[in-house]
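Data file: coords-v6.cif. Format and content: mmCIF, C-alpha atoms (C1' of nucleotides).
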```cif
data_start
loop_
_atom_site.label_atom_id
_atom_site.label_comp_id
_atom_site.auth_asym_id
_atom_site.auth_seq_id
_atom_site.Cartn_x
_atom_site.Cartn_y
_atom_site.Cartn_z
CA MET F 1 -23.10 -43.10 53.27
CA SER F 2 -23.86 -41.76 56.75
CA ALA F 3 -24.90 -38.18 57.43
CA THR F 4 -22.39 -35.72 56.06
CA ARG F 5 -20.12 -34.08 58.58
CA TRP F 6 -19.93 -30.59 57.16
CA LEU F 7 -16.87 -28.47 57.75
CA ASP F 8 -16.87 -26.35 60.84
CA ASP F 9 -15.81 -22.75 60.71
CA GLU F 10 -12.13 -23.25 61.29
CA GLU F 11 -11.94 -26.13 58.84
CA GLN F 12 -13.75 -24.13 56.24
CA ARG F 13 -11.49 -21.14 56.62
CA ALA F 14 -8.29 -23.16 56.65
CA TRP F 15 -9.29 -25.20 53.65
CA ARG F 16 -10.36 -22.26 51.57
CA ALA F 17 -7.31 -20.21 52.51
CA PHE F 18 -5.07 -23.08 51.55
CA ILE F 19 -6.70 -23.61 48.17
CA ARG F 20 -6.71 -19.97 47.36
CA MET F 21 -3.16 -19.44 48.48
CA HIS F 22 -1.86 -22.20 46.30
CA GLY F 23 -3.85 -21.05 43.34
CA ARG F 24 -2.65 -17.51 43.49
CA LEU F 25 0.91 -18.42 44.32
CA SER F 26 1.31 -20.81 41.43
CA ALA F 27 -0.29 -18.32 39.08
CA ARG F 28 2.30 -15.76 40.11
CA LEU F 29 5.19 -18.15 39.81
CA ASN F 30 4.01 -19.19 36.40
CA ARG F 31 3.70 -15.65 35.21
CA GLN F 32 7.13 -14.70 36.48
CA LEU F 33 8.77 -17.69 34.82
CA GLN F 34 6.88 -17.21 31.61
CA ALA F 35 7.62 -13.53 31.41
CA ASP F 36 11.30 -13.75 32.32
CA SER F 37 12.33 -16.94 30.58
CA GLY F 38 9.51 -18.23 28.41
CA LEU F 39 9.19 -21.38 30.50
CA SER F 40 6.15 -22.66 32.32
CA LEU F 41 6.41 -24.08 35.81
CA ALA F 42 5.84 -27.48 34.24
CA ASP F 43 8.72 -26.99 31.81
CA TYR F 44 10.88 -25.92 34.69
CA GLU F 45 10.16 -29.03 36.70
CA VAL F 46 10.92 -31.30 33.78
CA LEU F 47 14.20 -29.52 33.20
CA VAL F 48 15.13 -29.77 36.88
CA GLN F 49 14.67 -33.52 36.80
CA LEU F 50 16.76 -33.88 33.70
CA THR F 51 19.47 -31.61 35.04
CA ASP F 52 19.74 -33.75 38.15
CA ALA F 53 20.04 -36.92 36.11
CA PRO F 54 23.39 -38.35 35.09
CA ASP F 55 24.14 -37.26 31.54
CA GLY F 56 20.91 -35.24 31.38
CA ARG F 57 19.05 -38.32 30.26
CA LEU F 58 16.04 -40.14 31.70
CA ARG F 59 13.49 -42.67 30.58
CA PRO F 60 10.01 -41.15 30.46
CA PHE F 61 8.79 -43.49 33.19
CA GLU F 62 11.59 -42.32 35.48
CA LEU F 63 10.66 -38.74 34.78
CA GLN F 64 7.09 -39.67 35.52
CA ARG F 65 7.97 -41.05 38.91
CA GLY F 66 10.05 -38.02 39.75
CA LEU F 67 7.31 -35.60 38.78
CA GLN F 68 4.36 -37.72 39.78
CA TRP F 69 2.53 -36.69 36.67
CA GLU F 70 0.04 -38.62 34.63
CA GLN F 71 1.70 -40.56 31.88
CA SER F 72 -0.19 -38.90 29.10
CA ARG F 73 0.40 -35.44 30.46
CA LEU F 74 4.10 -36.14 30.45
CA SER F 75 4.03 -37.53 26.95
CA HIS F 76 2.18 -34.52 25.57
CA HIS F 77 4.38 -32.15 27.47
CA LEU F 78 7.54 -33.76 26.16
CA THR F 79 6.19 -33.44 22.65
CA ARG F 80 5.74 -29.71 23.12
CA MET F 81 9.13 -29.29 24.74
CA GLN F 82 10.71 -31.29 21.97
CA ARG F 83 9.08 -29.06 19.40
CA ARG F 84 10.66 -26.08 21.14
CA GLY F 85 14.05 -27.76 21.20
CA LEU F 86 14.32 -28.03 24.99
CA VAL F 87 14.57 -31.80 25.03
CA ALA F 88 15.19 -34.54 22.48
CA ARG F 89 13.75 -38.02 22.26
CA GLU F 90 16.11 -40.89 21.55
CA GLU F 91 15.61 -44.60 21.10
CA CYS F 92 16.28 -46.87 24.01
CA ASP F 93 18.77 -49.68 23.53
CA GLU F 94 17.82 -51.79 26.50
CA ASP F 95 14.07 -51.77 25.91
CA GLY F 96 12.58 -51.72 22.45
CA ARG F 97 9.31 -50.22 23.67
CA GLY F 98 10.96 -47.40 25.50
CA ALA F 99 12.45 -44.03 24.77
CA VAL F 100 15.06 -41.80 26.36
CA VAL F 101 14.56 -38.13 26.95
CA ALA F 102 17.69 -36.03 26.71
CA LEU F 103 18.27 -32.47 27.80
CA THR F 104 19.48 -30.42 24.85
CA ASP F 105 21.95 -27.55 25.04
CA ALA F 106 19.09 -25.13 24.60
CA GLY F 107 17.26 -26.83 27.45
CA ARG F 108 20.26 -26.54 29.69
CA ARG F 109 20.72 -22.90 28.81
CA ALA F 110 17.05 -22.22 29.45
CA ILE F 111 17.04 -23.60 32.96
CA VAL F 112 20.34 -22.02 33.90
CA ALA F 113 18.90 -18.69 32.83
CA ALA F 114 15.56 -19.23 34.55
CA ALA F 115 16.63 -20.65 37.89
CA PRO F 116 17.89 -17.56 39.74
CA GLY F 117 14.77 -15.53 39.06
CA HIS F 118 12.50 -18.40 39.91
CA VAL F 119 14.22 -19.24 43.18
CA ASP F 120 14.21 -15.60 44.08
CA THR F 121 10.48 -15.38 43.47
CA VAL F 122 9.77 -18.50 45.51
CA ARG F 123 11.69 -16.90 48.35
CA ARG F 124 10.06 -13.52 48.11
CA LEU F 125 6.50 -14.74 47.79
CA PHE F 126 6.63 -17.81 49.95
CA LEU F 127 9.66 -19.01 51.88
CA ASP F 128 10.64 -15.67 53.35
CA GLU F 129 7.14 -15.38 54.73
CA LEU F 130 7.49 -18.49 56.88
CA THR F 131 9.36 -19.18 60.07
CA ARG F 132 11.56 -22.22 60.24
CA ASP F 133 8.96 -23.92 62.42
CA GLN F 134 6.20 -23.19 59.99
CA LEU F 135 8.29 -24.58 57.20
CA ALA F 136 8.93 -27.78 59.12
CA MET F 137 5.25 -28.17 59.92
CA LEU F 138 4.27 -27.57 56.35
CA ARG F 139 6.59 -30.27 55.23
CA GLN F 140 5.24 -32.60 57.86
CA VAL F 141 1.67 -31.92 56.82
CA SER F 142 2.49 -32.34 53.14
CA ASP F 143 4.19 -35.65 53.76
CA GLN F 144 1.30 -36.90 55.85
CA VAL F 145 -1.20 -36.05 53.16
CA LEU F 146 0.97 -37.52 50.45
CA ALA F 147 1.20 -40.75 52.41
CA ARG F 148 -2.55 -40.71 52.73
CA LEU F 149 -2.94 -40.22 49.00
CA ASP F 150 -0.60 -43.09 48.31
CA ALA F 151 -2.44 -45.29 50.75
CA THR F 152 -5.88 -44.78 49.30
CA THR F 153 -6.59 -46.31 45.96
CA GLU F 154 -8.82 -44.60 43.48
CA ALA F 155 -11.66 -46.71 44.76
CA GLY F 156 -13.87 -44.42 46.75
CA GLY F 157 -11.52 -41.64 46.76
CA MET V 158 20.39 -8.98 41.09
CA SER V 159 22.77 -10.15 43.79
CA ALA V 160 24.03 -13.72 44.05
CA THR V 161 21.18 -16.19 44.19
CA ARG V 162 20.47 -17.68 47.58
CA TRP V 163 19.63 -21.24 46.60
CA LEU V 164 17.29 -23.29 48.68
CA ASP V 165 18.82 -25.28 51.48
CA ASP V 166 17.88 -28.87 52.04
CA GLU V 167 14.94 -28.31 54.33
CA GLU V 168 13.55 -25.53 52.16
CA GLN V 169 13.88 -27.65 49.10
CA ARG V 170 12.11 -30.60 50.66
CA ALA V 171 9.32 -28.56 52.17
CA TRP V 172 8.70 -26.64 48.99
CA ARG V 173 8.64 -29.69 46.78
CA ALA V 174 6.48 -31.67 49.17
CA PHE V 175 4.02 -28.81 49.32
CA ILE V 176 3.78 -28.44 45.56
CA ARG V 177 3.43 -32.12 44.99
CA MET V 178 0.88 -32.56 47.74
CA HIS V 179 -1.35 -29.89 46.35
CA GLY V 180 -1.04 -31.18 42.84
CA ARG V 181 -1.97 -34.70 43.72
CA LEU V 182 -4.68 -33.72 46.14
CA SER V 183 -6.47 -31.46 43.73
CA ALA V 184 -6.19 -34.06 41.00
CA ARG V 185 -7.93 -36.55 43.26
CA LEU V 186 -10.62 -34.13 44.32
CA ASN V 187 -11.26 -33.25 40.73
CA ARG V 188 -11.55 -36.86 39.69
CA GLN V 189 -13.90 -37.70 42.50
CA LEU V 190 -16.18 -34.77 41.74
CA GLN V 191 -16.09 -35.41 38.03
CA ALA V 192 -16.79 -39.09 38.38
CA ASP V 193 -19.54 -38.80 40.96
CA SER V 194 -21.33 -35.68 39.80
CA GLY V 195 -19.95 -34.51 36.49
CA LEU V 196 -18.68 -31.28 38.02
CA SER V 197 -15.15 -29.95 38.07
CA LEU V 198 -13.70 -28.37 41.19
CA ALA V 199 -14.01 -25.05 39.40
CA ASP V 200 -17.70 -25.63 38.69
CA TYR V 201 -18.18 -26.55 42.31
CA GLU V 202 -16.60 -23.36 43.58
CA VAL V 203 -18.73 -21.21 41.32
CA LEU V 204 -21.84 -22.99 42.48
CA VAL V 205 -20.86 -22.56 46.12
CA GLN V 206 -20.54 -18.83 45.67
CA LEU V 207 -23.91 -18.59 43.97
CA THR V 208 -25.57 -20.78 46.55
CA ASP V 209 -24.32 -18.49 49.30
CA ALA V 210 -25.63 -15.40 47.54
CA PRO V 211 -29.09 -13.98 48.21
CA ASP V 212 -31.44 -15.22 45.53
CA GLY V 213 -28.68 -17.27 43.92
CA ARG V 214 -27.62 -14.27 41.89
CA LEU V 215 -24.32 -12.43 41.61
CA ARG V 216 -22.69 -9.98 39.30
CA PRO V 217 -19.68 -11.52 37.57
CA PHE V 218 -17.32 -9.08 39.26
CA GLU V 219 -18.62 -10.12 42.66
CA LEU V 220 -18.11 -13.73 41.75
CA GLN V 221 -14.65 -12.82 40.62
CA ARG V 222 -13.78 -11.28 43.94
CA GLY V 223 -15.15 -14.25 45.80
CA LEU V 224 -13.20 -16.73 43.73
CA GLN V 225 -10.15 -14.59 43.06
CA TRP V 226 -10.05 -15.77 39.50
CA GLU V 227 -8.91 -13.95 36.45
CA GLN V 228 -11.73 -12.12 34.78
CA SER V 229 -11.41 -13.90 31.50
CA ARG V 230 -11.21 -17.30 33.12
CA LEU V 231 -14.45 -16.58 34.88
CA SER V 232 -16.13 -15.35 31.74
CA HIS V 233 -15.13 -18.42 29.75
CA HIS V 234 -16.10 -20.69 32.58
CA LEU V 235 -19.51 -19.13 32.91
CA THR V 236 -20.04 -19.60 29.20
CA ARG V 237 -19.37 -23.31 29.55
CA MET V 238 -21.52 -23.64 32.63
CA GLN V 239 -24.29 -21.74 30.90
CA ARG V 240 -24.10 -24.11 27.96
CA ARG V 241 -24.58 -26.99 30.38
CA GLY V 242 -27.52 -25.28 32.02
CA LEU V 243 -25.92 -24.83 35.43
CA VAL V 244 -26.19 -21.05 35.42
CA ALA V 245 -27.99 -18.42 33.40
CA ARG V 246 -26.90 -14.97 32.36
CA GLU V 247 -29.35 -12.13 32.76
CA GLU V 248 -29.19 -8.47 31.96
CA CYS V 249 -28.39 -6.05 34.74
CA ASP V 250 -30.85 -3.25 35.39
CA GLU V 251 -28.58 -1.00 37.44
CA ASP V 252 -25.62 -1.09 35.10
CA GLY V 253 -25.96 -1.33 31.36
CA ARG V 254 -22.49 -2.80 30.93
CA GLY V 255 -23.01 -5.52 33.42
CA ALA V 256 -24.62 -8.90 33.66
CA VAL V 257 -26.10 -11.00 36.41
CA VAL V 258 -25.31 -14.66 36.83
CA ALA V 259 -28.14 -16.73 38.24
CA LEU V 260 -28.08 -20.23 39.63
CA THR V 261 -30.54 -22.41 37.73
CA ASP V 262 -32.56 -25.24 39.21
CA ALA V 263 -30.26 -27.70 37.53
CA GLY V 264 -27.28 -25.90 39.06
CA ARG V 265 -28.81 -26.06 42.49
CA ARG V 266 -29.58 -29.72 42.10
CA ALA V 267 -26.07 -30.40 40.89
CA ILE V 268 -24.36 -28.89 43.89
CA VAL V 269 -26.76 -30.38 46.39
CA ALA V 270 -25.98 -33.76 44.89
CA ALA V 271 -22.24 -33.17 44.75
CA ALA V 272 -21.57 -31.59 48.12
CA PRO V 273 -21.72 -34.58 50.48
CA GLY V 274 -19.30 -36.69 48.46
CA HIS V 275 -16.95 -33.80 47.97
CA VAL V 276 -16.86 -32.80 51.62
CA ASP V 277 -16.37 -36.40 52.56
CA THR V 278 -13.41 -36.69 50.21
CA VAL V 279 -11.82 -33.49 51.50
CA ARG V 280 -12.09 -34.94 54.99
CA ARG V 281 -10.75 -38.34 54.13
CA LEU V 282 -7.82 -37.18 52.05
CA PHE V 283 -6.91 -34.04 53.87
CA LEU V 284 -8.62 -32.71 56.98
CA ASP V 285 -8.71 -35.97 58.88
CA GLU V 286 -5.00 -36.24 58.39
CA LEU V 287 -4.27 -33.03 60.30
CA THR V 288 -4.33 -32.18 63.96
CA ARG V 289 -6.19 -29.10 65.05
CA ASP V 290 -2.86 -27.35 65.58
CA GLN V 291 -1.67 -28.22 62.14
CA LEU V 292 -4.88 -26.92 60.69
CA ALA V 293 -4.50 -23.63 62.52
CA MET V 294 -0.91 -23.35 61.37
CA LEU V 295 -1.87 -24.04 57.81
CA ARG V 296 -4.44 -21.34 57.88
CA GLN V 297 -1.97 -18.92 59.42
CA VAL V 298 0.62 -19.68 56.76
CA SER V 299 -1.91 -19.39 53.97
CA ASP V 300 -3.12 -16.03 55.21
CA GLN V 301 0.41 -14.74 55.55
CA VAL V 302 1.30 -15.74 52.03
CA LEU V 303 -1.94 -14.35 50.66
CA ALA V 304 -1.22 -11.05 52.34
CA ARG V 305 2.21 -11.11 50.78
CA LEU V 306 0.72 -11.77 47.37
CA ASP V 307 -1.69 -8.90 47.80
CA ALA V 308 1.10 -6.62 48.93
CA THR V 309 3.38 -7.24 45.97
CA THR V 310 2.32 -5.87 42.65
CA GLU V 311 3.07 -7.70 39.46
CA ALA V 312 6.14 -5.53 39.08
CA GLY V 313 9.08 -7.76 39.81
CA GLY V 314 7.06 -10.47 41.16
"C1'" DG C 315 7.01 -70.85 19.65
"C1'" DC C 316 2.60 -69.02 20.61
"C1'" DG C 317 -1.31 -67.25 23.45
"C1'" DG C 318 -2.33 -64.14 27.08
"C1'" DC C 319 -1.05 -60.46 29.87
"C1'" DC C 320 1.80 -56.71 31.19
"C1'" DT C 321 4.52 -52.41 30.60
"C1'" DA C 322 6.26 -48.22 27.86
"C1'" DG C 323 4.77 -44.80 25.46
"C1'" DA C 324 2.03 -42.00 21.77
"C1'" DT C 325 -2.18 -39.84 20.16
"C1'" DG C 326 -6.90 -37.50 19.20
"C1'" DA C 327 -10.56 -35.24 21.38
"C1'" DT C 328 -12.18 -32.29 24.70
"C1'" DG C 329 -12.47 -29.08 28.35
"C1'" DC C 330 -9.66 -25.56 30.95
"C1'" DA C 331 -6.46 -21.26 31.79
"C1'" DT C 332 -4.28 -17.31 30.04
"C1'" DC C 333 -3.20 -13.51 27.02
"C1'" DA C 334 -4.31 -9.86 24.13
"C1'" DT C 335 -7.77 -7.41 22.53
"C1'" DC C 336 -12.42 -5.63 21.82
"C1'" DT C 337 -17.06 -3.46 22.79
"C1'" DA C 338 -20.12 -1.03 25.49
"C1'" DC C 339 -21.27 1.72 29.04
"C1'" DC C 340 -20.45 4.86 32.91
"C1'" DT C 341 -18.41 9.16 35.08
"C1'" DG C 342 -16.20 13.43 35.84
"C1'" DG C 343 -14.29 17.51 34.13
"C1'" DA C 344 -13.60 21.39 30.53
"C1'" DT D 345 -22.23 18.38 25.68
"C1'" DC D 346 -18.64 16.00 24.62
"C1'" DC D 347 -14.52 13.70 25.32
"C1'" DA D 348 -11.00 11.11 28.43
"C1'" DG D 349 -10.38 7.65 31.11
"C1'" DG D 350 -12.10 3.95 33.64
"C1'" DT D 351 -14.94 -0.26 34.56
"C1'" DA D 352 -17.79 -4.55 33.17
"C1'" DG D 353 -17.60 -8.15 30.51
"C1'" DA D 354 -16.96 -11.13 26.08
"C1'" DT D 355 -14.04 -13.37 22.73
"C1'" DG D 356 -10.32 -15.73 19.63
"C1'" DA D 357 -6.05 -17.93 19.84
"C1'" DT D 358 -2.96 -20.79 22.05
"C1'" DG D 359 -0.90 -23.84 25.21
"C1'" DC D 360 -2.07 -27.20 28.99
"C1'" DA D 361 -4.41 -31.43 31.45
"C1'" DT D 362 -7.13 -35.41 31.14
"C1'" DC D 363 -9.56 -39.31 29.20
"C1'" DA D 364 -9.96 -43.10 26.30
"C1'" DT D 365 -7.73 -45.65 23.29
"C1'" DC D 366 -4.00 -47.56 20.50
"C1'" DT D 367 0.59 -49.76 19.18
"C1'" DA D 368 4.45 -52.37 20.12
"C1'" DG D 369 7.50 -54.77 22.45
"C1'" DG D 370 8.60 -57.67 26.64
"C1'" DC D 371 7.61 -61.81 29.68
"C1'" DC D 372 5.81 -66.25 31.05
"C1'" DG D 373 3.56 -70.52 31.05
"C1'" DC D 374 2.25 -74.07 28.42
#
```
Is it possible to give me this structure as structure tokens?
Amino acid sequence: MSATRWLDDEEQRAWRAFIRMHGRLSARLNRQLQADSGLSLADYEVLVQLTDAPDGRLRPFELQRGLQWEQSRLSHHLTRMQRRGLVAREECDEDGRGAVVALTDAGRRAIVAAAPGHVDTVRRLFLDELTRDQLAMLRQVSDQVLARLDATTEAGG
Amino acid sequence: MSATRWLDDEEQRAWRAFIRMHGRLSARLNRQLQADSGLSLADYEVLVQLTDAPDGRLRPFELQRGLQWEQSRLSHHLTRMQRRGLVAREECDEDGRGAVVALTDAGRRAIVAAAPGHVDTVRRLFLDELTRDQLAMLRQVSDQVLARLDATTEAGG
DNA sequence: GCGGCCTAGATGATGCATCATCTACCTGGA
DNA sequence: TCCAGGTAGATGATGCATCATCTAGGCCGC
């Protein structure tokens, strides 16, 4: 490796501010969700995916693609959500290896109850703080970085 | 609460892209650090703070302010780092309640070894992807949101 | 129709994050 | 001087994230 190019002042500040902002924001969102509806942000995201799916049913690997989670994280998380009655696991007819995850009534009720407060908090703490231009740029930046992440394999990075 | 203002299309996309980008980016950074130097991102940040401190020593509450972590997270984390020999806990002369966290030689060696690869990865996966304007915008947005987070108490939010 | 390889998913171990709670010490006022 | 409240920090329990590994069924060429 050649000599390290350390971060200059502006890079340093931007990078640290970004990391810290995300950390604190997600902590707050988590706390609000947890306190008001007993769901974690992770639960919420799983439930959103299932709600958007026809019949409230998805194969775990579809869920995985939608969430971009690690497979084992998803599997463990589903186990916990199943234990709490938010989702159910069913057998899959088309593929003997597979499973189907189904939103339960309790799961549907939970997300319906949680959504307004969560959306409101996202607005108050984040979206309302940004101009429309800033929002567009943020999306642009996020998409660029995501493309970069997709493009680089684990090797070296 | 009044009727929920749901997210419009652009808000939805920007918000989700942002969340996903951060999640995947930090996962990659963590893996790289872990694989190449056996440190987590959290370890790294603690070590950075200590390295920047005079004499490699800080009170836990100073560390906490620098990192903006929860107190108990920090305490647990220090316990683990202490067990691995990266930091040491000492008694505090000025304040009988307090402690002092000191960077050990092993800790110093660990971060010196880890830094180049980490900085390089941050560049390759993130900074190099952004224009200078985008970087400035990101910092601006992060600071705005952080100010918002500071301004709102836990109550309601 | 069976050997190798792939994909779908579960699981045990371990480290991490958070919550609630606890101890010990400091500080200011009656 | 003593007690009330506040600050510094540690700790046990619990849920979460990741790694390595495992099972089982699908798929393909021979």
- Neighbours of point (4.5, -57.4, 30.6) within 12 Å, using only C-alpha atoms (C1' of nucleotides), written as a VMD selection string: (chain F and resid 97) or (chain C and resid 318 to 322) or (chain D and resid 368 to 372)
Could you please take those selected residues and save C-alpha atoms (C1' of nucleotides) as a short mmCIF file (atom, residue, chain, number, x, y, z; two decimals), in the coordinates of the input?
```cif
data_model
loop_
_atom_site.label_atom_id
_atom_site.label_comp_id
_atom_site.auth_asym_id
_atom_site.auth_seq_id
_atom_site.Cartn_x
_atom_site.Cartn_y
_atom_site.Cartn_z
CA ARG F 97 9.31 -50.22 23.67
"C1'" DG C 318 -2.33 -64.14 27.08
"C1'" DC C 319 -1.05 -60.46 29.87
"C1'" DC C 320 1.80 -56.71 31.19
"C1'" DT C 321 4.52 -52.41 30.60
"C1'" DA C 322 6.26 -48.22 27.86
"C1'" DA D 368 4.45 -52.37 20.12
"C1'" DG D 369 7.50 -54.77 22.45
"C1'" DG D 370 8.60 -57.67 26.64
"C1'" DC D 371 7.61 -61.81 29.68
"C1'" DC D 372 5.81 -66.25 31.05
#
```
Please check the contacts: residues of chain V at most 8 Å away from chain F, using only C-alpha atoms, listed as a compact mmCIF listing (two decimals) with C-alpha atoms, in the coordinates of the input.
```txt
# COMPACT_ATOMS: atom_id res chain seq x y z
CA THR V 161 21.18 -16.19 44.19
CA ARG V 162 20.47 -17.68 47.58
CA TRP V 163 19.63 -21.24 46.60
CA LEU V 164 17.29 -23.29 48.68
CA GLU V 167 14.94 -28.31 54.33
CA GLU V 168 13.55 -25.53 52.16
CA ARG V 170 12.11 -30.60 50.66
CA ALA V 171 9.32 -28.56 52.17
CA TRP V 172 8.70 -26.64 48.99
CA ALA V 174 6.48 -31.67 49.17
CA PHE V 175 4.02 -28.81 49.32
CA ARG V 177 3.43 -32.12 44.99
CA MET V 178 0.88 -32.56 47.74
CA HIS V 179 -1.35 -29.89 46.35
CA ARG V 181 -1.97 -34.70 43.72
CA LEU V 182 -4.68 -33.72 46.14
CA ARG V 185 -7.93 -36.55 43.26
CA LEU V 186 -10.62 -34.13 44.32
CA GLN V 189 -13.90 -37.70 42.50
CA GLN V 225 -10.15 -14.59 43.06
CA PRO V 273 -21.72 -34.58 50.48
CA VAL V 276 -16.86 -32.80 51.62
CA ASP V 277 -16.37 -36.40 52.56
CA THR V 278 -13.41 -36.69 50.21
CA LEU V 282 -7.82 -37.18 52.05
CA PHE V 283 -6.91 -34.04 53.87
CA LEU V 284 -8.62 -32.71 56.98
CA GLU V 286 -5.00 -36.24 58.39
CA LEU V 287 -4.27 -33.03 60.30
CA GLN V 291 -1.67 -28.22 62.14
CA LEU V 292 -4.88 -26.92 60.69
CA ALA V 293 -4.50 -23.63 62.52
CA MET V 294 -0.91 -23.35 61.37
CA LEU V 295 -1.87 -24.04 57.81
CA ARG V 296 -4.44 -21.34 57.88
CA VAL V 298 0.62 -19.68 56.76
CA SER V 299 -1.91 -19.39 53.97
CA ASP V 300 -3.12 -16.03 55.21
CA GLN V 301 0.41 -14.74 55.55
CA VAL V 302 1.30 -15.74 52.03
CA LEU V 303 -1.94 -14.35 50.66
CA ARG V 305 2.21 -11.11 50.78
CA LEU V 306 0.72 -11.77 47.37
CA GLY V 313 9.08 -7.76 39.81
CA GLY V 314 7.06 -10.47 41.16
```
- Please provide the set of residues having any atom within 10 Å of segment 338-342 of chain C, restricted to all atoms listed in the file, with same-chain residues fewer than 6 positions apart removed, written as a count of residues only. 10
- Can you check which residues of chain F have any atom within 12 Å of chain C? Use only C-alpha atoms (C1' of nucleotides) and format it as a ChimeraX atom specification. /F:23,27,30-31,34-35,40,59-62,64,71-79,89,91-92,95-101
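Minimum atom-to-atom distance to chain F, evaluated using all atoms listed in the file, belongs to D:DA364 out of D:DC374, D:DA364, D:DC346, D:DA357.
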- I would like the residues chosen by the PyMOL selection byres ((chain F and resi 50-54) around 10) on the shown file; could you give them as a ChimeraX atom specification? /F:44-49,55-59,63,66,87,101-104,107-108,111-112
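Across the model, the gap from atom CA of Ala42 of chain F to atom CA of Arg65 of chain F is 14.5 Å.
Between atom CA of Gly242 of chain V and atom C1' of DA361 of chain D the separation is 23.9 Å.
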- How many Å lie between atom C1' of DC360 of chain D and atom CA of Glu227 of chain V, rounded to one decimal? 16.7 Å
